[in-house]
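Peer 1: What follows is a structure written as structure tokens; I'll ask about it next.
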Amino acid sequence: MGPCLCRDDIKLVRKLVRMTRSALPGLGIAGAVLGAGLVTAFLVGRYPVSVTDLLDVLMAHLTGRPSGVAPAVENVVLLVRGPRVIAAVLVGSGLAVAGTAFQGLFRNPLVSPDILGASSGAALGAVLGIFFSLGVVGIEGLSFLGGLLAVAAVYVIGSMLSARDPILVLVLTGVVIGALLGAGVGLVKYLADPYNQLPAMTFWLLGSLASTTLSDLLPLAAAVAIGGATILALRWRMNVMSLPEEEARALGVATGRLRLAIVAAATLTTSASVAAAGIIGWVGLVVPHLARALVGPDFPRLLPTAALLGGGYLLFIDTLARVAAPVEIPLGILTAAIGTPFFIWLLTRVQRTWS
């Protein structure tokens with residue numbers, strides 16, 4: 001009895017050491033990745049910008065004085081790359097935080113933000129907007145609404161089904177509803193005009209930030225800020241939610257209401273990101289694991305780290321999409337090309353690293 005107890009105590013101490021280790025080095029690395037991504041995104045492109053010109057334009061914009069650089073350089077920094085860079089940070093951070101929340105909530109390292117059908121619902125809303133020839137605002141609005149309605153339907157149906165494991169029922173319901181919405185997307189594409197509407201649908205579904213403007217940033221920033229702030233406010237309770245359902249309830253946590261709040265916040269962030277940039281997969285799957293490798297599984301440290309890494313990660317992906325080929329590569333293709341080998345590697349290590 002004694003030796004067994006000592007071994008258990010040693011395991012507990014080791015786990016507590018991992019949970020309480022300093023997060024500053026990990027946060028510093030994540031911040032450095034974001035900073036490097038920002039600088040690279042502004043400087044690199046078809047129209048190269050020097051560091052001096054970039055600093056002059058930014059300082060002039062902040063102080064209100066003339067920049068002294070060519071108007072073309074100022075337009076590239078402020079009107080072309082500026083909105084795109086901000087959108088990349090918001091989308092990357094939002095998807096990373098949503099993925100981190102879903103992985104902890106469902107206690108599954110292979111979960112991504114579209115597990116409950118948010119991406120499929122947003123995709124159906126977007127292709128319907130293109131099919132009915134709506135403007136950009138209408139397409140993004142329908143996409144956003146479609147993502148929210150899809151997850152609401154999943155949650156309502158899952159709540160109506162009585163089961164011993166509500167999380168498993170919720171995930172399975174999300175898979176079924178996602179498949180149904182995917183069939184709807186295929187039907188709309190089949191009925192669309194093959195010369196005008198179908199190419200627009202295909203391009204949107206592959207994901208891109210090329211058409212991002214200043215007017216697109218306000219609704220995106222508002223949704224990501226509300227969803228992210230809600231998840232961050234629940235960060236301490238999310239540690240408890242990573243425990244089995246019975247243990248979390250025994251600790252006094254109202255798991256049903258807390259799960260609903262986390263799902264709603266993560267869905268808001270995911271739907272806004274998909275509405276603004278199309279379907280960009282793998283960010284919400286890959287980045288949480290990278291953040292967990294830096295600061296451990298403690299959510300108060302994990303969520304800010306994932307947000308920083310997600311923004312920097314998508315900045316580098318978007319910059320690569322702009323410069324890697326004569327024609328811009330859709331973001332969904334690049335994130336899949338990078339995420340697939342990572343997923344395979346993850347499958348070989350998930351039994352040893354998820355703790």
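So you can find residues: chains in the structure tokens are A, B, ... in the order shown, residues in each start at 1, and ligands are numbered from 1 in order.
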Mind checking which residues fall within 8 Å of Ser271 in chain A, counting only C-alpha atoms, ignoring those fewer than 3 positions away in the same chain, and posting them as a list in words?
Peer 2: Ala118, Ser119, Ala122, Ser143, Phe144, Leu145, Gly147, Leu148, Thr267, Leu268, Val274 and Ala275 of chain A
Peer 1: Kindly export the residues of the current selection with all heavy atoms, as a PDB file, in the first residue's frame.
Peer 2:
ATOM      1  N   ALA A 118     -20.355  24.427 -37.738  1.00  0.00           N
ATOM      2  CA  ALA A 118     -20.313  25.873 -37.979  1.00  0.00           C
ATOM      3  C   ALA A 118     -19.799  26.187 -39.379  1.00  0.00           C
ATOM      4  O   ALA A 118     -20.367  27.018 -40.089  1.00  0.00           O
ATOM      5  CB  ALA A 118     -19.449  26.562 -36.925  1.00  0.00           C
ATOM      6  N   SER A 119     -18.729  25.523 -39.795  1.00  0.00           N
ATOM      7  CA  SER A 119     -18.163  25.788 -41.116  1.00  0.00           C
ATOM      8  C   SER A 119     -19.122  25.356 -42.221  1.00  0.00           C
ATOM      9  O   SER A 119     -19.279  26.058 -43.234  1.00  0.00           O
ATOM     10  CB  SER A 119     -16.821  25.063 -41.270  1.00  0.00           C
ATOM     11  OG  SER A 119     -15.872  25.581 -40.375  1.00  0.00           O
ATOM     12  N   ALA A 122     -21.950  27.897 -42.368  1.00  0.00           N
ATOM     13  CA  ALA A 122     -21.475  29.140 -42.964  1.00  0.00           C
ATOM     14  C   ALA A 122     -21.259  28.975 -44.464  1.00  0.00           C
ATOM     15  O   ALA A 122     -21.547  29.890 -45.247  1.00  0.00           O
ATOM     16  CB  ALA A 122     -20.183  29.580 -42.287  1.00  0.00           C
ATOM     17  N   SER A 143     -23.612  33.889 -44.445  1.00  0.00           N
ATOM     18  CA  SER A 143     -22.624  32.928 -43.983  1.00  0.00           C
ATOM     19  C   SER A 143     -22.558  32.912 -42.464  1.00  0.00           C
ATOM     20  O   SER A 143     -22.552  31.850 -41.831  1.00  0.00           O
ATOM     21  CB  SER A 143     -21.250  33.272 -44.573  1.00  0.00           C
ATOM     22  OG  SER A 143     -20.249  32.440 -44.053  1.00  0.00           O
ATOM     23  N   PHE A 144     -22.505  34.080 -41.874  1.00  0.00           N
ATOM     24  CA  PHE A 144     -22.463  34.191 -40.421  1.00  0.00           C
ATOM     25  C   PHE A 144     -23.718  33.590 -39.785  1.00  0.00           C
ATOM     26  O   PHE A 144     -23.649  32.809 -38.823  1.00  0.00           O
ATOM     27  CB  PHE A 144     -22.312  35.657 -40.032  1.00  0.00           C
ATOM     28  CG  PHE A 144     -22.260  35.909 -38.552  1.00  0.00           C
ATOM     29  CD1 PHE A 144     -21.174  35.505 -37.804  1.00  0.00           C
ATOM     30  CD2 PHE A 144     -23.305  36.559 -37.923  1.00  0.00           C
ATOM     31  CE1 PHE A 144     -21.130  35.738 -36.440  1.00  0.00           C
ATOM     32  CE2 PHE A 144     -23.263  36.794 -36.558  1.00  0.00           C
ATOM     33  CZ  PHE A 144     -22.171  36.384 -35.821  1.00  0.00           C
ATOM     34  N   LEU A 145     -24.883  33.935 -40.343  1.00  0.00           N
ATOM     35  CA  LEU A 145     -26.137  33.414 -39.819  1.00  0.00           C
ATOM     36  C   LEU A 145     -26.222  31.897 -39.994  1.00  0.00           C
ATOM     37  O   LEU A 145     -26.712  31.188 -39.105  1.00  0.00           O
ATOM     38  CB  LEU A 145     -27.312  34.104 -40.527  1.00  0.00           C
ATOM     39  CG  LEU A 145     -28.717  33.714 -40.063  1.00  0.00           C
ATOM     40  CD1 LEU A 145     -28.918  34.090 -38.597  1.00  0.00           C
ATOM     41  CD2 LEU A 145     -29.772  34.403 -40.929  1.00  0.00           C
ATOM     42  N   GLY A 147     -23.782  29.699 -39.987  1.00  0.00           N
ATOM     43  CA  GLY A 147     -22.958  29.033 -38.983  1.00  0.00           C
ATOM     44  C   GLY A 147     -23.628  28.995 -37.621  1.00  0.00           C
ATOM     45  O   GLY A 147     -23.620  27.965 -36.937  1.00  0.00           O
ATOM     46  N   LEU A 148     -24.229  30.110 -37.222  1.00  0.00           N
ATOM     47  CA  LEU A 148     -24.906  30.151 -35.927  1.00  0.00           C
ATOM     48  C   LEU A 148     -26.112  29.216 -35.894  1.00  0.00           C
ATOM     49  O   LEU A 148     -26.323  28.484 -34.914  1.00  0.00           O
ATOM     50  CB  LEU A 148     -25.347  31.590 -35.612  1.00  0.00           C
ATOM     51  CG  LEU A 148     -24.239  32.626 -35.407  1.00  0.00           C
ATOM     52  CD1 LEU A 148     -24.852  33.980 -35.102  1.00  0.00           C
ATOM     53  CD2 LEU A 148     -23.299  32.207 -34.282  1.00  0.00           C
ATOM     54  N   THR A 267     -18.582  29.287 -31.328  1.00  0.00           N
ATOM     55  CA  THR A 267     -19.313  29.306 -32.595  1.00  0.00           C
ATOM     56  C   THR A 267     -19.385  30.719 -33.163  1.00  0.00           C
ATOM     57  O   THR A 267     -19.263  30.922 -34.380  1.00  0.00           O
ATOM     58  CB  THR A 267     -20.730  28.754 -32.391  1.00  0.00           C
ATOM     59  OG1 THR A 267     -20.642  27.410 -31.924  1.00  0.00           O
ATOM     60  CG2 THR A 267     -21.520  28.782 -33.686  1.00  0.00           C
ATOM     61  N   LEU A 268     -19.599  31.703 -32.302  1.00  0.00           N
ATOM     62  CA  LEU A 268     -19.620  33.094 -32.757  1.00  0.00           C
ATOM     63  C   LEU A 268     -18.297  33.458 -33.419  1.00  0.00           C
ATOM     64  O   LEU A 268     -18.270  34.054 -34.511  1.00  0.00           O
ATOM     65  CB  LEU A 268     -19.888  34.012 -31.558  1.00  0.00           C
ATOM     66  CG  LEU A 268     -19.869  35.518 -31.827  1.00  0.00           C
ATOM     67  CD1 LEU A 268     -21.028  35.915 -32.739  1.00  0.00           C
ATOM     68  CD2 LEU A 268     -19.934  36.297 -30.512  1.00  0.00           C
ATOM     69  N   VAL A 274     -15.204  32.423 -40.622  1.00  0.00           N
ATOM     70  CA  VAL A 274     -15.548  31.784 -41.891  1.00  0.00           C
ATOM     71  C   VAL A 274     -16.273  32.760 -42.808  1.00  0.00           C
ATOM     72  O   VAL A 274     -16.051  32.771 -44.021  1.00  0.00           O
ATOM     73  CB  VAL A 274     -16.400  30.527 -41.632  1.00  0.00           C
ATOM     74  CG1 VAL A 274     -16.907  29.929 -42.935  1.00  0.00           C
ATOM     75  CG2 VAL A 274     -15.587  29.489 -40.869  1.00  0.00           C
ATOM     76  N   ALA A 275     -17.141  33.595 -42.245  1.00  0.00           N
ATOM     77  CA  ALA A 275     -17.860  34.572 -43.061  1.00  0.00           C
ATOM     78  C   ALA A 275     -16.906  35.574 -43.706  1.00  0.00           C
ATOM     79  O   ALA A 275     -17.129  36.011 -44.841  1.00  0.00           O
ATOM     80  CB  ALA A 275     -18.888  35.300 -42.203  1.00  0.00           C
TER      81      ALA A 275
END
Peer 1: When DSSP is applied to the backbone of this structure, which of range 249-285 of chain A are assigned helix (DSSP H, G or I)? Write them out as an MDAnalysis selection string.
Peer 2: chainID A and resid 249:250 255:277 283:285
Peer 1: Hey, could you make a per-residue contact list for range 91-121 of chain A against range 205-222 of chain A with 12 Å as the cut-off, showing the nearest pair of atoms and its distance in Å to one decimal, counting only C-alpha atoms, sorted by chain and number, as CSV?
Peer 2:
residue,atom,partner,partner_atom,distance
A:Val91,CA,A:Leu220,CA,8.1
A:Gly92,CA,A:Leu209,CA,11.5
A:Ser93,CA,A:Ala221,CA,10.7
A:Gly94,CA,A:Ala221,CA,9.5
A:Ser119,CA,A:Leu205,CA,9.8
A:Ser120,CA,A:Leu205,CA,10.0
A:Gly121,CA,A:Leu205,CA,11.9
Peer 1: Considering only C-alpha atoms, can you say which of A:Ser159, A:Asn108, A:Thr269, A:Asn239 comes closest to Leu302 in chain A?
Peer 2: A:Asn239
Peer 1: Taking only C-alpha atoms into account, name the residue in A:Val69, A:Met238, A:Leu43, A:Ala123 that is nearest to Asp56 in chain A.
Peer 2: A:Val69
Peer 1: Can you tell me which residues surround range 180-188 of chain A at a distance of at most 8 Å, considering only C-alpha atoms, apart from same-chain residues fewer than 2 positions away, and format the answer as a ChimeraX atom specification?
Peer 2: /A:117,120-121,123-124,127-128,131,176-178,190-192
Peer 1: Please produce a file of those selected residues containing all heavy atoms, as an mmCIF file, in the first residue's frame.
Peer 2:
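Result file part_27.cif:
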data_model
loop_
_atom_site.group_PDB
_atom_site.id
_atom_site.type_symbol
_atom_site.label_atom_id
_atom_site.label_comp_id
_atom_site.auth_asym_id
_atom_site.auth_seq_id
_atom_site.Cartn_x
_atom_site.Cartn_y
_atom_site.Cartn_z
ATOM 1 N N GLY A 117 -20.538 21.754 -36.941
ATOM 2 C CA GLY A 117 -21.202 22.157 -38.172
ATOM 3 C C GLY A 117 -21.162 23.635 -38.481
ATOM 4 O O GLY A 117 -21.855 24.088 -39.401
ATOM 5 N N SER A 120 -19.779 24.215 -42.053
ATOM 6 C CA SER A 120 -20.715 23.748 -43.072
ATOM 7 C C SER A 120 -21.913 24.676 -43.188
ATOM 8 O O SER A 120 -22.370 24.993 -44.293
ATOM 9 C CB SER A 120 -21.192 22.324 -42.726
ATOM 10 O OG SER A 120 -20.105 21.428 -42.686
ATOM 11 N N GLY A 121 -22.424 25.131 -42.039
ATOM 12 C CA GLY A 121 -23.534 26.080 -42.083
ATOM 13 C C GLY A 121 -23.144 27.404 -42.708
ATOM 14 O O GLY A 121 -23.905 27.989 -43.489
ATOM 15 N N ALA A 123 -20.756 27.819 -44.879
ATOM 16 C CA ALA A 123 -20.543 27.571 -46.305
ATOM 17 C C ALA A 123 -21.870 27.560 -47.056
ATOM 18 O O ALA A 123 -21.993 28.138 -48.155
ATOM 19 C CB ALA A 123 -19.815 26.241 -46.497
ATOM 20 N N LEU A 124 -22.884 26.913 -46.491
ATOM 21 C CA LEU A 124 -24.190 26.887 -47.149
ATOM 22 C C LEU A 124 -24.776 28.289 -47.251
ATOM 23 O O LEU A 124 -25.339 28.666 -48.294
ATOM 24 C CB LEU A 124 -25.140 25.977 -46.374
ATOM 25 C CG LEU A 124 -26.559 25.836 -46.957
ATOM 26 C CD1 LEU A 124 -26.507 25.315 -48.391
ATOM 27 C CD2 LEU A 124 -27.408 24.928 -46.081
ATOM 28 N N VAL A 127 -22.826 30.187 -50.139
ATOM 29 C CA VAL A 127 -23.158 29.783 -51.512
ATOM 30 C C VAL A 127 -24.587 30.176 -51.861
ATOM 31 O O VAL A 127 -24.889 30.488 -53.031
ATOM 32 C CB VAL A 127 -22.930 28.269 -51.722
ATOM 33 C CG1 VAL A 127 -21.467 27.911 -51.531
ATOM 34 C CG2 VAL A 127 -23.802 27.438 -50.801
ATOM 35 N N LEU A 128 -25.483 30.196 -50.875
ATOM 36 C CA LEU A 128 -26.828 30.699 -51.145
ATOM 37 C C LEU A 128 -26.796 32.188 -51.471
ATOM 38 O O LEU A 128 -27.517 32.655 -52.367
ATOM 39 C CB LEU A 128 -27.732 30.449 -49.936
ATOM 40 C CG LEU A 128 -28.236 29.016 -49.736
ATOM 41 C CD1 LEU A 128 -28.988 28.888 -48.419
ATOM 42 C CD2 LEU A 128 -29.119 28.594 -50.910
ATOM 43 N N PHE A 131 -25.560 32.440 -54.933
ATOM 44 C CA PHE A 131 -26.577 31.929 -55.855
ATOM 45 C C PHE A 131 -27.658 32.966 -56.116
ATOM 46 O O PHE A 131 -28.148 33.109 -57.255
ATOM 47 C CB PHE A 131 -27.187 30.648 -55.283
ATOM 48 C CG PHE A 131 -28.203 30.002 -56.165
ATOM 49 C CD1 PHE A 131 -27.812 29.246 -57.262
ATOM 50 C CD2 PHE A 131 -29.560 30.152 -55.907
ATOM 51 C CE1 PHE A 131 -28.750 28.647 -58.090
ATOM 52 C CE2 PHE A 131 -30.507 29.554 -56.727
ATOM 53 C CZ PHE A 131 -30.101 28.801 -57.810
ATOM 54 N N VAL A 176 -23.502 14.552 -38.248
ATOM 55 C CA VAL A 176 -24.650 14.283 -39.112
ATOM 56 C C VAL A 176 -25.165 15.572 -39.753
ATOM 57 O O VAL A 176 -25.400 15.634 -40.969
ATOM 58 C CB VAL A 176 -25.766 13.587 -38.308
ATOM 59 C CG1 VAL A 176 -27.036 13.476 -39.153
ATOM 60 C CG2 VAL A 176 -25.313 12.212 -37.854
ATOM 61 N N ILE A 177 -25.346 16.611 -38.944
ATOM 62 C CA ILE A 177 -25.834 17.891 -39.483
ATOM 63 C C ILE A 177 -24.823 18.477 -40.461
ATOM 64 O O ILE A 177 -25.190 19.037 -41.504
ATOM 65 C CB ILE A 177 -26.110 18.881 -38.333
ATOM 66 C CG1 ILE A 177 -27.244 18.351 -37.449
ATOM 67 C CG2 ILE A 177 -26.473 20.250 -38.878
ATOM 68 C CD1 ILE A 177 -28.566 18.198 -38.154
ATOM 69 N N GLY A 178 -23.535 18.345 -40.160
ATOM 70 C CA GLY A 178 -22.509 18.832 -41.087
ATOM 71 C C GLY A 178 -22.565 18.130 -42.425
ATOM 72 O O GLY A 178 -22.407 18.753 -43.481
ATOM 73 N N TYR A 190 -24.445 22.615 -57.805
ATOM 74 C CA TYR A 190 -24.928 21.920 -58.999
ATOM 75 C C TYR A 190 -25.930 22.781 -59.770
ATOM 76 O O TYR A 190 -25.965 22.763 -61.014
ATOM 77 C CB TYR A 190 -25.574 20.596 -58.590
ATOM 78 C CG TYR A 190 -26.127 19.795 -59.741
ATOM 79 C CD1 TYR A 190 -25.291 19.054 -60.567
ATOM 80 C CD2 TYR A 190 -27.498 19.790 -60.000
ATOM 81 C CE1 TYR A 190 -25.800 18.324 -61.626
ATOM 82 C CE2 TYR A 190 -28.024 19.063 -61.055
ATOM 83 C CZ TYR A 190 -27.167 18.329 -61.865
ATOM 84 O OH TYR A 190 -27.668 17.608 -62.911
ATOM 85 N N LEU A 191 -26.758 23.557 -59.040
ATOM 86 C CA LEU A 191 -27.765 24.402 -59.678
ATOM 87 C C LEU A 191 -27.218 25.755 -60.118
ATOM 88 O O LEU A 191 -27.905 26.486 -60.840
ATOM 89 C CB LEU A 191 -28.936 24.624 -58.708
ATOM 90 C CG LEU A 191 -29.712 23.374 -58.265
ATOM 91 C CD1 LEU A 191 -30.745 23.743 -57.210
ATOM 92 C CD2 LEU A 191 -30.374 22.702 -59.458
ATOM 93 N N ALA A 192 -26.015 26.108 -59.709
ATOM 94 C CA ALA A 192 -25.479 27.438 -59.980
ATOM 95 C C ALA A 192 -25.045 27.591 -61.436
ATOM 96 O O ALA A 192 -24.802 26.603 -62.147
ATOM 97 C CB ALA A 192 -24.286 27.708 -59.058
#
Peer 1: Suppose you want the space between CA of Ala98 in chain A and CA of Ile262 in chain A; what is it in Å?
Peer 2: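 CA of Ala98 in chain A sits 8.9 Å away from CA of Ile262 in chain A.
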Peer 1: Grab the CA of Leu58 in chain A to CA of Ala324 in chain A distance for me, in Å with one decimal place.
Peer 2: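 Interatomic distance here is 26.6 Å.
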Peer 1: Excluding Ser133 in chain A and its own-chain neighbours fewer than 6 positions away, which residues fall within 12 Å of it when counting only C-alpha atoms? Please give them as a ChimeraX atom specification.
Peer 2: /A:126-127,139,192-193,196-198,200-201
Peer 1: Generate a file of the selected residues that holds N, CA, C and O atoms, formatted as an mmCIF file, in the first residue's frame.
Peer 2:
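As written to disk, selection17.cif reads:
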data_model
loop_
_atom_site.group_PDB
_atom_site.id
_atom_site.type_symbol
_atom_site.label_atom_id
_atom_site.label_comp_id
_atom_site.auth_asym_id
_atom_site.auth_seq_id
_atom_site.Cartn_x
_atom_site.Cartn_y
_atom_site.Cartn_z
ATOM 1 N N ALA A 126 -23.107 31.097 -47.438
ATOM 2 C CA ALA A 126 -22.344 31.862 -48.424
ATOM 3 C C ALA A 126 -22.723 31.479 -49.853
ATOM 4 O O ALA A 126 -22.914 32.354 -50.709
ATOM 5 N N VAL A 127 -22.826 30.187 -50.139
ATOM 6 C CA VAL A 127 -23.158 29.783 -51.512
ATOM 7 C C VAL A 127 -24.587 30.176 -51.861
ATOM 8 O O VAL A 127 -24.889 30.488 -53.031
ATOM 9 N N ILE A 139 -23.668 38.273 -48.571
ATOM 10 C CA ILE A 139 -23.021 36.947 -48.556
ATOM 11 C C ILE A 139 -22.402 36.672 -47.192
ATOM 12 O O ILE A 139 -22.585 35.588 -46.605
ATOM 13 N N ALA A 192 -26.015 26.108 -59.709
ATOM 14 C CA ALA A 192 -25.479 27.438 -59.980
ATOM 15 C C ALA A 192 -25.045 27.591 -61.436
ATOM 16 O O ALA A 192 -24.802 26.603 -62.147
ATOM 17 N N ASP A 193 -24.946 28.843 -61.854
ATOM 18 C CA ASP A 193 -24.445 29.169 -63.186
ATOM 19 C C ASP A 193 -22.977 28.746 -63.268
ATOM 20 O O ASP A 193 -22.138 29.235 -62.502
ATOM 21 N N ASN A 196 -20.363 31.940 -63.973
ATOM 22 C CA ASN A 196 -20.163 33.058 -63.057
ATOM 23 C C ASN A 196 -20.267 32.639 -61.590
ATOM 24 O O ASN A 196 -19.355 32.888 -60.804
ATOM 25 N N GLN A 197 -21.379 32.022 -61.235
ATOM 26 C CA GLN A 197 -21.616 31.713 -59.832
ATOM 27 C C GLN A 197 -20.744 30.578 -59.305
ATOM 28 O O GLN A 197 -20.198 30.663 -58.210
ATOM 29 N N LEU A 198 -20.606 29.519 -60.082
ATOM 30 C CA LEU A 198 -19.849 28.364 -59.609
ATOM 31 C C LEU A 198 -18.384 28.693 -59.327
ATOM 32 O O LEU A 198 -17.851 28.286 -58.284
ATOM 33 N N ALA A 200 -17.190 31.557 -58.389
ATOM 34 C CA ALA A 200 -17.173 32.382 -57.181
ATOM 35 C C ALA A 200 -17.375 31.530 -55.940
ATOM 36 O O ALA A 200 -16.723 31.742 -54.909
ATOM 37 N N MET A 201 -18.279 30.557 -56.012
ATOM 38 C CA MET A 201 -18.504 29.659 -54.873
ATOM 39 C C MET A 201 -17.258 28.853 -54.561
ATOM 40 O O MET A 201 -16.848 28.714 -53.403
#
Peer 1: Which residues come within 6 Å of Ala96 in chain A, counting only C-alpha atoms, excluding same-chain residues fewer than 3 positions away, as a PyMOL selection string?
Peer 2: chain A and resi 93+99+284+287+306-307+310
Peer 1: Record the distance separating CA of Val137 in chain A and CA of Ala277 in chain A, expressed in Å with one decimal.
Peer 2: 12.8 Å
Peer 1: With 9 Å as the cut-off and only C-alpha atoms counted, what is the closest atom pair between each nearby residue of range 233-317 of chain A and range 325-338 of chain A? Distances in Å to one decimal, ordered by chain and number, as a Markdown table.
Peer 2:
| residue | atom | partner | partner_atom | distance |
| --- | --- | --- | --- | --- |
| A:Ala277 | CA | A:Leu331 | CA | 8.9 |
| A:Gly278 | CA | A:Gly332 | CA | 8.4 |
| A:Ile279 | CA | A:Gly332 | CA | 6.6 |
| A:Ile280 | CA | A:Gly332 | CA | 4.7 |
| A:Gly281 | CA | A:Gly332 | CA | 6.0 |
| A:Trp282 | CA | A:Thr335 | CA | 6.0 |
| A:Val283 | CA | A:Thr335 | CA | 7.1 |
| A:Leu314 | CA | A:Thr335 | CA | 8.6 |
| A:Ile317 | CA | A:Leu334 | CA | 7.0 |
Peer 1: Limited to N, CA, C and O atoms, could you put the picked residues into a file as a short mmCIF file (atom, residue, chain, number, x, y, z; two decimals), in the first residue's frame?
Peer 2:
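Output contents, as saved in out30.cif:
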data_model
loop_
_atom_site.label_atom_id
_atom_site.label_comp_id
_atom_site.auth_asym_id
_atom_site.auth_seq_id
_atom_site.Cartn_x
_atom_site.Cartn_y
_atom_site.Cartn_z
N ALA A 277 -13.45 35.13 -44.25
CA ALA A 277 -12.31 34.60 -45.00
C ALA A 277 -12.60 33.29 -45.71
O ALA A 277 -11.71 32.76 -46.38
N GLY A 278 -13.81 32.76 -45.62
CA GLY A 278 -14.06 31.45 -46.20
C GLY A 278 -13.62 30.35 -45.25
O GLY A 278 -13.27 30.59 -44.10
N ILE A 279 -13.64 29.13 -45.76
CA ILE A 279 -13.29 27.98 -44.93
C ILE A 279 -11.77 27.79 -44.93
O ILE A 279 -11.17 27.45 -45.95
N ILE A 280 -11.17 28.04 -43.78
CA ILE A 280 -9.72 27.86 -43.60
C ILE A 280 -9.54 26.79 -42.54
O ILE A 280 -9.66 27.05 -41.34
N GLY A 281 -9.28 25.58 -42.96
CA GLY A 281 -9.19 24.47 -42.04
C GLY A 281 -7.83 24.37 -41.37
O GLY A 281 -6.88 25.07 -41.71
N TRP A 282 -7.77 23.49 -40.39
CA TRP A 282 -6.55 23.05 -39.72
C TRP A 282 -5.97 24.06 -38.73
O TRP A 282 -5.20 23.67 -37.86
N VAL A 283 -6.31 25.34 -38.84
CA VAL A 283 -5.75 26.31 -37.89
C VAL A 283 -6.20 25.97 -36.47
O VAL A 283 -5.40 25.95 -35.53
N LEU A 314 -1.37 32.28 -39.19
CA LEU A 314 -2.13 32.62 -40.39
C LEU A 314 -1.47 33.78 -41.16
O LEU A 314 -1.60 33.85 -42.39
N ILE A 317 1.05 32.04 -43.31
CA ILE A 317 0.36 31.30 -44.36
C ILE A 317 -0.15 32.25 -45.44
O ILE A 317 -0.01 31.99 -46.65
#
Peer 1: Between A:Val77, A:Phe203, A:Pro66, A:Asp298, which has the minimum distance to Pro48 in chain A (counting only C-alpha atoms)?
Peer 2: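 Once distances to Pro48 in chain A are computed over only C-alpha atoms, the minimum belongs to A:Val77.
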